[in-house]
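Below is one structure; the comments refer to it alone.
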Amino acid sequence: TVEKFDPRTLVGKWYKTDGLNPNYDLFDCQTNTFESSASAASELDMGIFLRVTRPPELGGGYWENDLSEHMIVDAASASASPAFPNPNPSGRTMHTEGKMYGLKFSENWYVLGESDGKGDVPEFKLVAYKGHTLQGNYEGSFVYAKEPVLPEGARGAVREAAKRAGLDFDEFTRIDNTCPTTELALNDPDAGTGTSTTDWIDLVIGEGGVIDWVVPGWRGEYNKK
């Protein structure tokens with residue numbers, strides 16, 4: 001984990017360019033926007049944008065989701081400081097908890113590597129996370145960059161940071177941030193579709209839907225192995 005992480009370096013818009021967990025990390029057209037919280041210097045408000053794709057065999061298209069989370073930045077070391085009053089023996093960088101689509105969750109985030117872009121390596125953040133819901137635990141990892149595709153000049157540094165953390169960057173998958181506009185979003189009021197109960201049930205509990213994202217294995221498929 002990056003020591004003495006400065007949360008101000010996260011402020012602004014970031015693309016998720018590569019992800020590890022197919023249930024959580026690989027939605028299309030992903031951006032996160034961070035703003036300093038008015039309540040405390042050690043807190044951030046995060047805007048989340050992503051698309052949930054409907055399989056072509058079910059008619060294709062996508063639903064756009066615009067969500068928000070409140071992140072609390074933990075102290076960079078086990079000792080407290082005025083900016084970060086809570087000691088952090090866990091070593092995590094940030095944490096959050098709340099509800100998404102009615103499901104309670106909590107997540108710990110760990111910034112494993114980063115570049116400020118001032119040298120030869122373009123800006124990036126390599127993040128791992130561990131989360132929990134009443135259905136069990138989940139984890140994954142992803143890369144933030146300032147461009148929709150991770151710049152080639154950052155790939156070596158990301159790979160090294162992943163290796164130090166026991167991860168293999170070859171196991172990550174590039175996220176599709178092309179965001180085509182050849183089709184209207186299914187939840188667009190002008191699209192004429194995506195408004196029926198069946199459509200929203202598919203979105204929430206269908207294969208690859210929201211609950212698969214928030215509660216992987218909720219159907220019990222992992223218990224059958």
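Labels for the structure tokens follow display order: chains A, B, ..., residues from 1 in each chain, ligands from 1.
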I'd like to know which residues of segment 10-196 of chain A are strand (DSSP E) (by DSSP, run on the backbone); could you write them as a PyMOL selection string? chain A and resi 12-19+28-36+43-53+62-73+94-100+103-115+124-133+136-145+173-174
Contacts of Ala157 of chain A within 9 Å, only C-alpha atoms, excl. fewer than 4 positions in-chain, as a PDB file with all heavy atoms, in the first residue's frame:
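Resulting contents of result.pdb:
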ATOM      1  N   GLY A 113      -0.249   1.401  -5.900  1.00  0.00           N
ATOM      2  CA  GLY A 113       0.780   2.083  -6.663  1.00  0.00           C
ATOM      3  C   GLY A 113       0.187   3.297  -7.352  1.00  0.00           C
ATOM      4  O   GLY A 113      -1.028   3.371  -7.566  1.00  0.00           O
ATOM      5  N   GLU A 114       1.028   4.250  -7.699  1.00  0.00           N
ATOM      6  CA  GLU A 114       0.529   5.456  -8.337  1.00  0.00           C
ATOM      7  C   GLU A 114       1.661   6.198  -9.030  1.00  0.00           C
ATOM      8  O   GLU A 114       2.844   5.967  -8.766  1.00  0.00           O
ATOM      9  CB  GLU A 114      -0.119   6.389  -7.305  1.00  0.00           C
ATOM     10  CG  GLU A 114       0.836   6.898  -6.237  1.00  0.00           C
ATOM     11  CD  GLU A 114       0.175   7.865  -5.259  1.00  0.00           C
ATOM     12  OE1 GLU A 114      -0.947   8.334  -5.536  1.00  0.00           O
ATOM     13  OE2 GLU A 114       0.796   8.156  -4.229  1.00  0.00           O
ATOM     14  N   SER A 115       1.286   7.079  -9.931  1.00  0.00           N
ATOM     15  CA  SER A 115       2.210   8.042 -10.534  1.00  0.00           C
ATOM     16  C   SER A 115       1.499   9.379 -10.585  1.00  0.00           C
ATOM     17  O   SER A 115       0.303   9.447 -10.900  1.00  0.00           O
ATOM     18  CB  SER A 115       2.613   7.617 -11.948  1.00  0.00           C
ATOM     19  OG  SER A 115       3.316   8.676 -12.606  1.00  0.00           O
ATOM     20  N   VAL A 121       6.244   8.621 -16.425  1.00  0.00           N
ATOM     21  CA  VAL A 121       5.095   7.709 -16.294  1.00  0.00           C
ATOM     22  C   VAL A 121       3.809   8.518 -16.173  1.00  0.00           C
ATOM     23  O   VAL A 121       3.665   9.334 -15.259  1.00  0.00           O
ATOM     24  CB  VAL A 121       5.261   6.799 -15.056  1.00  0.00           C
ATOM     25  CG1 VAL A 121       4.056   5.868 -14.922  1.00  0.00           C
ATOM     26  CG2 VAL A 121       6.551   5.992 -15.152  1.00  0.00           C
ATOM     27  N   GLY A 153       2.861   4.079 -21.642  1.00  0.00           N
ATOM     28  CA  GLY A 153       3.958   4.488 -20.775  1.00  0.00           C
ATOM     29  C   GLY A 153       3.735   4.205 -19.304  1.00  0.00           C
ATOM     30  O   GLY A 153       4.678   4.300 -18.506  1.00  0.00           O
ATOM     31  N   ALA A 161       3.824  -2.535  -9.791  1.00  0.00           N
ATOM     32  CA  ALA A 161       3.062  -2.308  -8.556  1.00  0.00           C
ATOM     33  C   ALA A 161       2.163  -3.504  -8.251  1.00  0.00           C
ATOM     34  O   ALA A 161       2.021  -3.914  -7.091  1.00  0.00           O
ATOM     35  CB  ALA A 161       2.237  -1.027  -8.673  1.00  0.00           C
ATOM     36  N   ALA A 162       1.554  -4.050  -9.289  1.00  0.00           N
ATOM     37  CA  ALA A 162       0.711  -5.238  -9.097  1.00  0.00           C
ATOM     38  C   ALA A 162       1.540  -6.414  -8.605  1.00  0.00           C
ATOM     39  O   ALA A 162       1.136  -7.139  -7.684  1.00  0.00           O
ATOM     40  CB  ALA A 162       0.002  -5.583 -10.413  1.00  0.00           C
TER      41      ALA A 162
END
Selection: 12 Å around Phe169 of chain A, only C-alpha atoms, excl. self and same-chain fewer than 5 positions, as a ChimeraX atom specification: /A:18-20,126,141-143,155-164,174
Next, write the just-selected residues to a file, as a JSON list (two decimals), in the first residue's frame, keeping C-alpha atoms as the atom set.
[["chain", "number", "residue", "atom", "x", "y", "z"],
["A", 18, "ASP", "CA", -8.48, -2.29, -16.46],
["A", 19, "GLY", "CA", -10.12, -4.58, -13.93],
["A", 20, "LEU", "CA", -9.58, -7.95, -12.27],
["A", 126, "LEU", "CA", -3.66, 0.92, -8.92],
["A", 141, "SER", "CA", -8.61, -4.63, -8.26],
["A", 142, "PHE", "CA", -8.64, -1.97, -10.96],
["A", 143, "VAL", "CA", -6.57, 0.78, -12.54],
["A", 155, "ARG", "CA", 1.79, -0.16, -18.13],
["A", 156, "GLY", "CA", 5.24, -1.15, -16.88],
["A", 157, "ALA", "CA", 4.80, 0.76, -13.60],
["A", 158, "VAL", "CA", 1.32, -0.70, -13.09],
["A", 159, "ARG", "CA", 2.65, -4.17, -13.75],
["A", 160, "GLU", "CA", 5.43, -3.71, -11.18],
["A", 161, "ALA", "CA", 3.06, -2.31, -8.56],
["A", 162, "ALA", "CA", 0.71, -5.24, -9.10],
["A", 163, "LYS", "CA", 3.57, -7.72, -8.79],
["A", 164, "ARG", "CA", 4.71, -6.21, -5.49],
["A", 174, "ARG", "CA", -9.22, -3.87, -20.42]]
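Closest approach to Ala185 of chain A among A:Gly61, A:Gly117, A:Gly140, A:Gly91: A:Gly61, based on only C-alpha atoms.
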Of the candidates A:Thr181, A:Lys130, A:Glu152, A:Asp74, which one gets nearest to Val2 of chain A if we count only C-alpha atoms? A:Asp74
Would you please work out which residue, of A:Gly60, A:Ile72, A:Trp14, A:Gly119, is nearest to Ala40 of chain A when using only C-alpha atoms?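 Looking only at the distances to Ala40 of chain A, the closest residue turns out to be A:Ile72.
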Nearest-residue call for Met46 of chain A, choices A:Val11, A:Tyr24, A:Lys16, A:Leu58, using only C-alpha atoms: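 Residue with the minimum atom-to-atom distance to Met46 of chain A: A:Val11.
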Please list as a PyMOL selection string every residue within 12 Å of Gln30 of chain A, counting only C-alpha atoms and excluding residues in the same chain fewer than 3 positions away. chain A and resi 13-19+24-27+33+47-52+64-67+142-149+174-179
Quick one: pull the distance between atom CA of Ala165 of chain A and atom CA of Phe5 of chain A, Å, one decimal. 16.3 Å
